[in-house]
>>> print(open('work.pdb').read())   # PDB, C-alpha atoms and all ligand atoms
ATOM      1  CA  MET A  25       0.000   0.000   0.000
ATOM      2  CA  ALA A  26       1.409   3.348  -1.079
ATOM      3  CA  VAL A  27       2.068   6.442   0.997
ATOM      4  CA  ILE A  28      -0.655   8.930   0.116
ATOM      5  CA  ILE A  29       0.946  12.247  -0.777
ATOM      6  CA  ASP A  30      -1.136  14.905   0.945
ATOM      7  CA  GLY A  31      -1.093  17.950  -1.329
ATOM      8  CA  LYS A  32      -3.597  19.775   0.802
ATOM      9  CA  LYS A  33      -1.330  19.560   3.831
ATOM     10  CA  VAL A  34       1.828  20.546   1.924
ATOM     11  CA  SER A  35       0.070  23.440   0.194
ATOM     12  CA  GLN A  36      -1.076  24.672   3.607
ATOM     13  CA  GLU A  37       2.534  24.516   4.875
ATOM     14  CA  ILE A  38       3.712  26.515   1.864
ATOM     15  CA  LYS A  39       0.987  29.130   2.295
ATOM     16  CA  ASP A  40       1.993  29.469   5.960
ATOM     17  CA  GLU A  41       5.630  29.962   4.924
ATOM     18  CA  VAL A  42       4.564  32.551   2.341
ATOM     19  CA  LYS A  43       2.465  34.335   4.975
ATOM     20  CA  LYS A  44       5.568  34.777   7.150
ATOM     21  CA  ARG A  45       7.639  36.107   4.240
ATOM     22  CA  VAL A  46       4.827  38.503   3.271
ATOM     23  CA  SER A  47       4.652  39.861   6.801
ATOM     24  CA  ALA A  48       8.460  40.204   6.957
ATOM     25  CA  LEU A  49       8.250  42.353   3.811
ATOM     26  CA  LYS A  50       5.400  44.364   5.312
ATOM     27  CA  GLU A  51       7.608  45.171   8.280
ATOM     28  CA  LYS A  52      10.053  46.684   5.811
ATOM     29  CA  GLY A  53       7.200  48.760   4.405
ATOM     30  CA  ARG A  54       6.759  46.622   1.295
ATOM     31  CA  GLU A  55       3.356  45.212   0.425
ATOM     32  CA  VAL A  56       3.155  42.224  -1.950
ATOM     33  CA  THR A  57       0.603  42.757  -4.712
ATOM     34  CA  LEU A  58      -0.864  40.418  -7.324
ATOM     35  CA  ALA A  59      -3.036  41.705 -10.165
ATOM     36  CA  VAL A  60      -5.512  39.113 -11.442
ATOM     37  CA  ILE A  61      -7.305  39.726 -14.724
ATOM     38  CA  GLN A  62     -10.363  37.754 -15.759
ATOM     39  CA  VAL A  63     -11.961  38.510 -19.105
ATOM     40  CA  GLY A  64     -15.617  37.428 -19.300
ATOM     41  CA  ASN A  65     -17.274  35.090 -16.838
ATOM     42  CA  ASP A  66     -16.412  31.518 -17.668
ATOM     43  CA  PRO A  67     -17.693  29.660 -14.562
ATOM     44  CA  ALA A  68     -14.549  27.523 -14.098
ATOM     45  CA  SER A  69     -12.332  30.628 -14.367
ATOM     46  CA  THR A  70     -14.503  32.397 -11.794
ATOM     47  CA  VAL A  71     -13.921  29.515  -9.359
ATOM     48  CA  TYR A  72     -10.131  29.505 -10.004
ATOM     49  CA  VAL A  73      -9.873  33.285  -9.675
ATOM     50  CA  GLY A  74     -11.951  33.177  -6.485
ATOM     51  CA  ASN A  75      -9.573  30.582  -5.011
ATOM     52  CA  LYS A  76      -6.568  32.716  -5.948
ATOM     53  CA  LYS A  77      -8.121  35.737  -4.223
ATOM     54  CA  LYS A  78      -8.816  33.651  -1.118
ATOM     55  CA  ALA A  79      -5.214  32.435  -1.009
ATOM     56  CA  CYS A  80      -4.029  36.046  -1.325
ATOM     57  CA  GLU A  81      -6.201  37.032   1.617
ATOM     58  CA  TYR A  82      -4.823  34.155   3.686
ATOM     59  CA  THR A  83      -1.201  34.915   2.955
ATOM     60  CA  GLY A  84      -1.578  38.684   3.303
ATOM     61  CA  ILE A  85      -0.922  39.397  -0.382
ATOM     62  CA  ARG A  86      -2.918  42.317  -1.724
ATOM     63  CA  SER A  87      -4.944  41.267  -4.754
ATOM     64  CA  LEU A  88      -6.124  43.672  -7.399
ATOM     65  CA  ALA A  89      -9.030  42.103  -9.268
ATOM     66  CA  TYR A  90      -9.774  43.156 -12.825
ATOM     67  CA  GLU A  91     -13.008  41.455 -13.870
ATOM     68  CA  ILE A  92     -13.549  42.888 -17.298
ATOM     69  CA  PRO A  93     -16.268  42.148 -19.875
ATOM     70  CA  GLU A  94     -16.138  39.416 -22.512
ATOM     71  CA  GLU A  95     -16.272  42.114 -25.234
ATOM     72  CA  THR A  96     -12.980  43.692 -24.092
ATOM     73  CA  THR A  97     -10.771  44.098 -27.146
ATOM     74  CA  GLU A  98      -7.263  42.689 -27.401
ATOM     75  CA  LYS A  99      -5.941  46.240 -27.549
ATOM     76  CA  GLU A 100      -7.734  47.200 -24.329
ATOM     77  CA  LEU A 101      -6.411  44.110 -22.550
ATOM     78  CA  LEU A 102      -2.870  44.796 -23.778
ATOM     79  CA  GLU A 103      -3.194  48.363 -22.503
ATOM     80  CA  LEU A 104      -4.285  47.108 -19.087
ATOM     81  CA  VAL A 105      -1.332  44.696 -18.933
ATOM     82  CA  GLY A 106       0.969  47.529 -20.055
ATOM     83  CA  SER A 107      -0.275  49.803 -17.287
ATOM     84  CA  LEU A 108       0.241  47.063 -14.664
ATOM     85  CA  ASN A 109       3.748  46.461 -16.025
ATOM     86  CA  GLU A 110       4.518  50.101 -15.284
ATOM     87  CA  ARG A 111       3.202  50.088 -11.729
ATOM     88  CA  GLU A 112       5.936  49.852  -9.103
ATOM     89  CA  ASP A 113       3.483  48.490  -6.545
ATOM     90  CA  VAL A 114       2.450  45.461  -8.660
ATOM     91  CA  ASP A 115       4.656  42.384  -8.177
ATOM     92  CA  GLY A 116       2.715  39.821 -10.195
ATOM     93  CA  ILE A 117       0.339  39.888 -13.155
ATOM     94  CA  LEU A 118      -1.887  36.927 -13.866
ATOM     95  CA  VAL A 119      -4.224  36.783 -16.834
ATOM     96  CA  GLN A 120      -6.645  33.920 -16.293
ATOM     97  CA  LEU A 121      -6.833  31.573 -19.281
ATOM     98  CA  PRO A 122      -8.623  30.699 -21.483
ATOM     99  CA  LEU A 123      -9.282  34.114 -23.013
ATOM    100  CA  PRO A 124     -12.230  34.776 -25.346
ATOM    101  CA  GLY A 125     -11.601  33.628 -28.932
ATOM    102  CA  HIS A 126     -11.085  37.140 -30.354
ATOM    103  CA  ILE A 127      -8.016  37.694 -28.152
ATOM    104  CA  ASN A 128      -4.640  36.179 -29.009
ATOM    105  CA  GLU A 129      -3.448  34.501 -25.813
ATOM    106  CA  ASP A 130       0.190  34.320 -26.875
ATOM    107  CA  LYS A 131       0.263  38.031 -27.565
ATOM    108  CA  VAL A 132      -1.159  38.788 -24.118
ATOM    109  CA  ILE A 133       1.238  36.446 -22.299
ATOM    110  CA  GLN A 134       4.154  37.999 -24.163
ATOM    111  CA  ALA A 135       3.021  41.475 -23.136
ATOM    112  CA  ILE A 136       3.504  40.663 -19.434
ATOM    113  CA  ASN A 137       6.796  41.953 -18.019
ATOM    114  CA  PRO A 138       8.810  38.746 -17.355
ATOM    115  CA  ASP A 139       9.732  40.189 -13.932
ATOM    116  CA  LYS A 140       6.026  39.980 -13.032
ATOM    117  CA  ASP A 141       5.209  36.735 -14.845
ATOM    118  CA  VAL A 142       4.126  34.788 -11.739
ATOM    119  CA  ASP A 143       2.377  32.186 -13.930
ATOM    120  CA  GLY A 144       5.710  31.416 -15.624
ATOM    121  CA  PHE A 145       4.064  31.287 -19.069
ATOM    122  CA  HIS A 146       6.130  34.016 -20.785
ATOM    123  CA  PRO A 147       8.580  32.639 -23.396
ATOM    124  CA  GLN A 148      11.423  34.277 -21.448
ATOM    125  CA  SER A 149      10.451  32.369 -18.290
ATOM    126  CA  VAL A 150      10.138  29.125 -20.245
ATOM    127  CA  GLY A 151      13.498  29.732 -21.935
ATOM    128  CA  ALA A 152      15.207  30.571 -18.631
ATOM    129  CA  LEU A 153      13.951  27.314 -17.172
ATOM    130  CA  SER A 154      15.292  25.312 -20.082
ATOM    131  CA  ILE A 155      18.792  26.811 -19.843
ATOM    132  CA  GLY A 156      18.918  26.790 -16.049
ATOM    133  CA  GLN A 157      18.703  30.536 -15.478
ATOM    134  CA  PRO A 158      16.644  32.170 -12.742
ATOM    135  CA  GLY A 159      13.058  33.012 -13.599
ATOM    136  CA  PHE A 160       9.506  32.172 -12.685
ATOM    137  CA  VAL A 161       8.573  28.505 -12.906
ATOM    138  CA  SER A 162       4.970  27.716 -13.747
ATOM    139  CA  CYS A 163       3.012  26.763 -10.689
ATOM    140  CA  THR A 164       1.755  23.213 -11.266
ATOM    141  CA  PRO A 165       5.195  21.841 -12.319
ATOM    142  CA  ALA A 166       6.888  23.666  -9.447
ATOM    143  CA  GLY A 167       4.289  22.195  -7.094
ATOM    144  CA  ILE A 168       5.027  18.662  -8.304
ATOM    145  CA  ILE A 169       8.742  19.035  -7.543
ATOM    146  CA  GLU A 170       7.928  20.521  -4.153
ATOM    147  CA  LEU A 171       5.699  17.542  -3.295
ATOM    148  CA  LEU A 172       8.449  15.081  -4.247
ATOM    149  CA  LYS A 173      11.036  16.973  -2.205
ATOM    150  CA  ARG A 174       8.863  17.330   0.875
ATOM    151  CA  TYR A 175       8.135  13.600   0.803
ATOM    152  CA  ASN A 176      11.877  12.878   0.463
ATOM    153  CA  ILE A 177      11.394  11.180  -2.898
ATOM    154  CA  GLN A 178      14.775  11.226  -4.579
ATOM    155  CA  ILE A 179      14.845  12.528  -8.155
ATOM    156  CA  ASP A 180      18.614  12.540  -8.707
ATOM    157  CA  GLY A 181      19.696   9.590 -10.851
ATOM    158  CA  ARG A 182      16.254   8.056 -11.076
ATOM    159  CA  GLU A 183      14.044   7.151 -14.026
ATOM    160  CA  CYS A 184      11.376   9.816 -14.436
ATOM    161  CA  VAL A 185       8.594   9.355 -16.972
ATOM    162  CA  VAL A 186       6.194  12.163 -17.830
ATOM    163  CA  ILE A 187       3.046  11.361 -19.791
ATOM    164  CA  GLY A 188       1.848  14.469 -21.630
ATOM    165  CA  ARG A 189       3.788  17.225 -23.378
ATOM    166  CA  SER A 190       1.673  20.328 -22.745
ATOM    167  CA  ASN A 191       3.321  23.710 -22.372
ATOM    168  CA  ILE A 192       1.844  24.199 -18.908
ATOM    169  CA  VAL A 193       2.624  20.814 -17.326
ATOM    170  CA  GLY A 194       4.405  18.130 -19.375
ATOM    171  CA  LYS A 195       7.236  20.184 -20.854
ATOM    172  CA  PRO A 196       8.073  22.323 -17.811
ATOM    173  CA  VAL A 197       7.888  19.421 -15.349
ATOM    174  CA  SER A 198      10.258  17.491 -17.622
ATOM    175  CA  MET A 199      12.730  20.376 -17.531
ATOM    176  CA  LEU A 200      12.483  20.576 -13.745
ATOM    177  CA  LEU A 201      13.038  16.841 -13.283
ATOM    178  CA  LEU A 202      16.056  17.136 -15.566
ATOM    179  CA  ARG A 203      17.333  20.088 -13.527
ATOM    180  CA  GLU A 204      17.077  17.814 -10.454
ATOM    181  CA  ASN A 205      19.279  15.251 -12.272
ATOM    182  CA  GLY A 206      16.525  12.783 -13.115
ATOM    183  CA  THR A 207      16.715  10.679 -16.272
ATOM    184  CA  VAL A 208      13.651  11.960 -18.042
ATOM    185  CA  THR A 209      11.468  10.416 -20.731
ATOM    186  CA  VAL A 210       8.447  12.251 -22.116
ATOM    187  CA  CYS A 211       5.596  10.152 -23.515
ATOM    188  CA  HIS A 212       2.637  11.385 -25.538
ATOM    189  CA  SER A 213      -0.139  10.218 -27.832
ATOM    190  CA  HIS A 214       2.351   8.967 -30.455
ATOM    191  CA  THR A 215       4.447   6.901 -28.029
ATOM    192  CA  ALA A 216       4.590   3.389 -29.483
ATOM    193  CA  ASP A 217       4.471   1.261 -26.347
ATOM    194  CA  LEU A 218       3.426   3.426 -23.441
ATOM    195  CA  LYS A 219       3.250   0.658 -20.855
ATOM    196  CA  GLU A 220       6.762  -0.539 -21.659
ATOM    197  CA  VAL A 221       8.090   2.979 -20.927
ATOM    198  CA  THR A 222       5.994   3.771 -17.847
ATOM    199  CA  LYS A 223       6.933   0.478 -16.194
ATOM    200  CA  ARG A 224      10.534   1.695 -16.034
ATOM    201  CA  ALA A 225       9.582   4.795 -14.061
ATOM    202  CA  ASP A 226      10.679   5.360 -10.481
ATOM    203  CA  ILE A 227       8.733   8.619 -10.721
ATOM    204  CA  LEU A 228       5.701   8.743 -13.003
ATOM    205  CA  VAL A 229       3.987  12.067 -13.702
ATOM    206  CA  VAL A 230       0.660  11.725 -15.483
ATOM    207  CA  ALA A 231      -0.906  14.713 -17.261
ATOM    208  CA  ILE A 232      -3.025  13.436 -20.131
ATOM    209  CA  GLY A 233      -6.603  14.385 -19.289
ATOM    210  CA  LYS A 234      -8.111  10.892 -19.563
ATOM    211  CA  ALA A 235     -10.040   9.629 -16.550
ATOM    212  CA  LYS A 236      -8.426   6.643 -14.753
ATOM    213  CA  PHE A 237      -6.328   5.800 -17.831
ATOM    214  CA  ILE A 238      -3.228   4.665 -15.922
ATOM    215  CA  THR A 239      -3.942   1.426 -14.114
ATOM    216  CA  ALA A 240      -1.619  -0.640 -11.895
ATOM    217  CA  ASP A 241      -0.168  -2.514 -14.872
ATOM    218  CA  TYR A 242       1.470   0.717 -16.136
ATOM    219  CA  ILE A 243       3.256   1.179 -12.805
ATOM    220  CA  LYS A 244       6.501  -0.244 -11.476
ATOM    221  CA  GLU A 245       6.253  -1.714  -7.981
ATOM    222  CA  GLY A 246       7.113   1.012  -5.458
ATOM    223  CA  ALA A 247       7.102   3.937  -7.922
ATOM    224  CA  ALA A 248       6.055   7.476  -6.960
ATOM    225  CA  VAL A 249       2.988   8.417  -9.019
ATOM    226  CA  ILE A 250       1.956  12.042  -9.439
ATOM    227  CA  ASP A 251      -1.475  12.482 -10.979
ATOM    228  CA  VAL A 252      -2.106  15.888 -12.535
ATOM    229  CA  GLY A 253      -5.468  14.897 -14.044
ATOM    230  CA  MET A 254      -8.746  16.611 -13.153
ATOM    231  CA  ASP A 255     -11.358  14.466 -14.802
ATOM    232  CA  ARG A 256     -14.859  13.134 -14.183
ATOM    233  CA  ASP A 257     -15.546   9.420 -13.906
ATOM    234  CA  GLU A 258     -18.590   7.591 -15.314
ATOM    235  CA  ASN A 259     -20.680   8.826 -12.362
ATOM    236  CA  GLY A 260     -19.574  12.441 -12.780
ATOM    237  CA  LYS A 261     -17.297  12.245  -9.742
ATOM    238  CA  LEU A 262     -13.979  14.119  -9.751
ATOM    239  CA  CYS A 263     -11.052  11.781 -10.463
ATOM    240  CA  GLY A 264      -7.569  11.808 -11.932
ATOM    241  CA  ASP A 265      -5.787  10.280 -14.928
ATOM    242  CA  VAL A 266      -4.658   7.431 -12.667
ATOM    243  CA  ASP A 267      -6.943   4.623 -11.542
ATOM    244  CA  PHE A 268      -6.252   5.304  -7.881
ATOM    245  CA  GLY A 269      -7.919   2.140  -6.565
ATOM    246  CA  SER A 270      -5.568  -0.235  -8.399
ATOM    247  CA  ALA A 271      -2.504   2.065  -8.486
ATOM    248  CA  VAL A 272      -2.427   2.599  -4.721
ATOM    249  CA  GLU A 273      -1.758  -1.114  -4.220
ATOM    250  CA  LYS A 274       1.337  -1.075  -6.423
ATOM    251  CA  ALA A 275       2.877   2.393  -6.087
ATOM    252  CA  GLY A 276       5.235   3.381  -3.269
ATOM    253  CA  ALA A 277       3.725   6.859  -3.061
ATOM    254  CA  ILE A 278       0.790   8.402  -4.888
ATOM    255  CA  THR A 279      -1.154  11.667  -5.072
ATOM    256  CA  PRO A 280      -4.933  11.432  -4.769
ATOM    257  CA  VAL A 281      -7.375  13.500  -6.846
ATOM    258  CA  PRO A 282      -8.606  15.736  -5.393
ATOM    259  CA  GLY A 283      -6.081  16.730  -2.724
ATOM    260  CA  GLY A 284      -2.806  15.863  -4.450
ATOM    261  CA  ALA A 285      -1.092  17.976  -7.094
ATOM    262  CA  GLY A 286      -4.107  20.306  -7.500
ATOM    263  CA  PRO A 287      -3.844  22.346  -4.282
ATOM    264  CA  MET A 288      -0.128  22.906  -4.917
ATOM    265  CA  THR A 289      -0.744  25.187  -7.922
ATOM    266  CA  ILE A 290      -2.160  28.099  -5.944
ATOM    267  CA  ALA A 291       0.379  27.664  -3.128
ATOM    268  CA  MET A 292       3.205  27.967  -5.687
ATOM    269  CA  LEU A 293       1.518  31.010  -7.222
ATOM    270  CA  MET A 294       1.605  32.683  -3.802
ATOM    271  CA  ASN A 295       5.245  31.618  -3.515
ATOM    272  CA  ASN A 296       6.036  33.202  -6.899
ATOM    273  CA  CYS A 297       4.347  36.468  -5.850
ATOM    274  CA  VAL A 298       6.343  36.854  -2.653
ATOM    275  CA  TYR A 299       9.523  35.794  -4.495
ATOM    276  CA  SER A 300       8.873  38.552  -7.046
ATOM    277  CA  ALA A 301       8.649  41.173  -4.291
ATOM    278  CA  GLU A 302      11.740  39.805  -2.509
ATOM    279  CA  MET A 303      13.746  39.983  -5.747
ATOM    280  CA  LYS A 304      12.729  43.603  -6.307
ATOM    281  CA  LEU A 305      13.854  44.504  -2.822
ATOM    282  CA  GLN A 306      17.287  43.050  -3.574
ATOM    283  CA  GLU A 307      17.762  45.123  -6.733
TER     284      GLU A 307
HETATM  285  N1  LIG A 401      -6.318  28.570 -16.382
HETATM  286  C1  LIG A 401      -6.240  27.325 -15.845
HETATM  287  N2  LIG A 401      -5.112  27.213 -15.104
HETATM  288  C2  LIG A 401      -4.482  28.396 -15.157
HETATM  289  C3  LIG A 401      -3.278  28.900 -14.581
HETATM  290  O1  LIG A 401      -2.540  28.223 -13.870
HETATM  291  N3  LIG A 401      -2.984  30.185 -14.885
HETATM  292  C4  LIG A 401      -3.769  30.950 -15.672
HETATM  293  N4  LIG A 401      -3.385  32.200 -15.923
HETATM  294  N5  LIG A 401      -4.887  30.532 -16.225
HETATM  295  C5  LIG A 401      -5.243  29.251 -15.962
END
>>> encode(input="work.pdb", output="structure tokens")
Amino acid sequence: MAVIIDGKKVSQEIKDEVKKRVSALKEKGREVTLAVIQVGNDPASTVYVGNKKKACEYTGIRSLAYEIPEETTEKELLELVGSLNEREDVDGILVQLPLPGHINEDKVIQAINPDKDVDGFHPQSVGALSIGQPGFVSCTPAGIIELLKRYNIQIDGRECVVIGRSNIVGKPVSMLLLRENGTVTVCHSHTADLKEVTKRADILVVAIGKAKFITADYIKEGAAVIDVGMDRDENGKLCGDVDFGSAVEKAGAITPVPGGAGPMTIAMLMNNCVYSAEMKLQE
């Protein structure tokens, strides 16, 4: 039976650490500020943005909410981002995705000052990560590494297999595992024999978006399994990409869904915000 990796508990620890750093900055007269922009009112985005605001409140980070209408033009949004780039008091800028179809997401992400790119989506942040330079790391991948470290799961020298090659999870988490000296293999929909590859993994990160796809027979005995999926099962119940019921018997450690990798994303966002302010103070 595997150790259940408690993402809720670890994310709480991180938020408590952030809270202390935020108050230390406050004592120096420096408030940490995150600007959150939501265009339109996609219900899922409203929930995510609400959770981000709540985490800001908890950690003492000031949040500036820009809830702007669906009809906002690309030019108007770029102007808003530009004005937040200029503001000395704003440490982080987050534009909630997806954006309405008439707005080019890449253009908006690229307009964010990389020094305020707390989502880590700007090409400069992505490039810095790939060549080992300092920069913001996107929150879900950073959260995965943090979970492994806090559960003393060694990455150095071990076989790491990532399933999924998205820009927001698969690719960055692969770069981070490599940075930690893992031997990294990235699998995707064209991988010839997925099971043959995943069965080699000491650490298996699953981010494919298919409910309960990874069963015990994809998993090496004792492996650490990180499930990044957020799916619905046949009864409409929230579940991950991993079939937890069978996987938990074979893995050495495993994240549940919900309560595993998910809660780490917002905690790492808070971490990026306070880091941004700390860096500015050092300049
Ligand atoms: N939409 C879903 N997840 C995210 C995220 O992590 N950041 C942003 N900006 N939008 C999202």
>>> resolve_selection(input="work.pdb", expression="the PyMOL selection byres (((chain A and resi 285-294) around 6) and not hetatm)", output="VMD selection string")
chain A and resid 31 to 32 35 39 163 to 164 167 252 284 295 to 297
>>> resolve_selection(input="work.pdb", expression="the PyMOL selection byres (((chain A and resi 237) around 6) and not hetatm)", output="ChimeraX atom specification")
/A:234-236,238,265-266
>>> atom_distance(input="work.pdb", atom1="atom CA of A:Gly269", atom2="atom CA of A:Arg174")
23.8 Å
>>> closest_residue(input="work.pdb", among="A:Gly253, A:Gly151, A:Pro122, A:Gly283", to="ligand LIG 401 (chain A)", atoms="all atoms listed in the file")
A:Pro122
>>> residues_around(input="work.pdb", residues="A:Val161", least_positions_apart="2", cutoff="7 Å", atoms="all atoms listed in the file", output="PDB file with C-alpha atoms, keeping the file's coordinate frame")
ATOM      1  CA  GLY A 144       5.710  31.416 -15.624  1.00  0.00           C
ATOM      2  CA  SER A 149      10.451  32.369 -18.290  1.00  0.00           C
ATOM      3  CA  LEU A 153      13.951  27.314 -17.172  1.00  0.00           C
ATOM      4  CA  GLY A 159      13.058  33.012 -13.599  1.00  0.00           C
ATOM      5  CA  CYS A 163       3.012  26.763 -10.689  1.00  0.00           C
ATOM      6  CA  ALA A 166       6.888  23.666  -9.447  1.00  0.00           C
TER       7      ALA A 166
END
>>> resolve_selection(input="work.pdb", expression="the PyMOL selection byres (((chain A and resi 126) around 10) and not hetatm)", output="ChimeraX atom specification")
/A:94-98,123-125,127-129
>>> closest_residue(input="work.pdb", among="A:Pro165, A:Pro280, A:Gly64, A:Pro147", to="A:Asp30", atoms="all atoms listed in the file")
A:Pro280
>>> atom_distance(input="work.pdb", atom1="atom CA of A:Leu58", atom2="atom C2 of ligand LIG 401 (chain A)")
14.8 Å
>>> atom_distance(input="work.pdb", atom1="atom CA of A:Ala277", atom2="atom CA of A:Pro196")
21.8 Å
>>> residues_around(input="work.pdb", residues="A:Leu202", least_positions_apart="5", cutoff="12 Å", atoms="all atoms listed in the file", output="list in words")
Leu153, Ser154, Ile155, Gly156, Ile169, Ile179, Asp180, Gly181, Arg182, Glu183, Cys184, Val185, Val186, Lys195, Pro196, Val197, Thr207, Val208, Thr209 and Val210 of chain A
>>> axis_aligned_box(input="work.pdb", around="ligand LIG 401 (chain A)", padding_each_side="8 Å", output="AutoDock Vina command-line options")
--center_x -4.4 --center_y 29.7 --center_z -15.1 --size_x 19.8 --size_y 21.0 --size_z 18.5
>>> residues_around(input="work.pdb", residues="A:Met25", least_positions_apart="4", cutoff="8 Å", atoms="only C-alpha atoms", output="PyMOL selection string")
chain A and resi 272-276
>>> write_last_selection(input="work.pdb", atoms="C-alpha atoms", output="PDB file, in the frame of the given file")
ATOM      1  CA  VAL A 272      -2.427   2.599  -4.721  1.00  0.00           C
ATOM      2  CA  GLU A 273      -1.758  -1.114  -4.220  1.00  0.00           C
ATOM      3  CA  LYS A 274       1.337  -1.075  -6.423  1.00  0.00           C
ATOM      4  CA  ALA A 275       2.877   2.393  -6.087  1.00  0.00           C
ATOM      5  CA  GLY A 276       5.235   3.381  -3.269  1.00  0.00           C
TER       6      GLY A 276
END
>>> build_atoms(input="work.pdb", residues="stretch 53-67 of chain A", atoms="N, CA and C atoms", output="JSON list (two decimals), in the coordinates of the input")
[["chain", "number", "residue", "atom", "x", "y", "z"],
["A", 53, "GLY", "N", 7.99, 47.77, 5.13],
["A", 53, "GLY", "CA", 7.20, 48.76, 4.40],
["A", 53, "GLY", "C", 6.87, 48.36, 2.98],
["A", 54, "ARG", "N", 6.98, 47.08, 2.67],
["A", 54, "ARG", "CA", 6.76, 46.62, 1.30],
["A", 54, "ARG", "C", 5.57, 45.67, 1.26],
["A", 55, "GLU", "N", 4.52, 46.08, 0.56],
["A", 55, "GLU", "CA", 3.36, 45.21, 0.42],
["A", 55, "GLU", "C", 3.49, 44.37, -0.85],
["A", 56, "VAL", "N", 3.10, 43.10, -0.76],
["A", 56, "VAL", "CA", 3.16, 42.22, -1.95],
["A", 56, "VAL", "C", 1.81, 42.32, -2.66],
["A", 57, "THR", "N", 1.85, 42.56, -3.96],
["A", 57, "THR", "CA", 0.60, 42.76, -4.71],
["A", 57, "THR", "C", 0.54, 41.90, -5.97],
["A", 58, "LEU", "N", -0.60, 41.22, -6.12],
["A", 58, "LEU", "CA", -0.86, 40.42, -7.32],
["A", 58, "LEU", "C", -2.07, 41.01, -8.05],
["A", 59, "ALA", "N", -1.91, 41.27, -9.34],
["A", 59, "ALA", "CA", -3.04, 41.70, -10.16],
["A", 59, "ALA", "C", -3.58, 40.49, -10.92],
["A", 60, "VAL", "N", -4.87, 40.26, -10.77],
["A", 60, "VAL", "CA", -5.51, 39.11, -11.44],
["A", 60, "VAL", "C", -6.54, 39.64, -12.43],
["A", 61, "ILE", "N", -6.38, 39.26, -13.69],
["A", 61, "ILE", "CA", -7.30, 39.73, -14.72],
["A", 61, "ILE", "C", -8.15, 38.56, -15.21],
["A", 62, "GLN", "N", -9.46, 38.75, -15.17],
["A", 62, "GLN", "CA", -10.36, 37.75, -15.76],
["A", 62, "GLN", "C", -11.21, 38.45, -16.81],
["A", 63, "VAL", "N", -11.17, 37.93, -18.02],
["A", 63, "VAL", "CA", -11.96, 38.51, -19.10],
["A", 63, "VAL", "C", -13.19, 37.62, -19.30],
["A", 64, "GLY", "N", -14.38, 38.21, -19.15],
["A", 64, "GLY", "CA", -15.62, 37.43, -19.30],
["A", 64, "GLY", "C", -15.92, 36.68, -18.02],
["A", 65, "ASN", "N", -16.94, 35.80, -18.08],
["A", 65, "ASN", "CA", -17.27, 35.09, -16.84],
["A", 65, "ASN", "C", -17.46, 33.60, -17.03],
["A", 66, "ASP", "N", -16.46, 32.97, -17.61],
["A", 66, "ASP", "CA", -16.41, 31.52, -17.67],
["A", 66, "ASP", "C", -16.51, 30.98, -16.23],
["A", 67, "PRO", "N", -17.47, 30.09, -15.96],
["A", 67, "PRO", "CA", -17.69, 29.66, -14.56],
["A", 67, "PRO", "C", -16.46, 29.01, -13.92]]
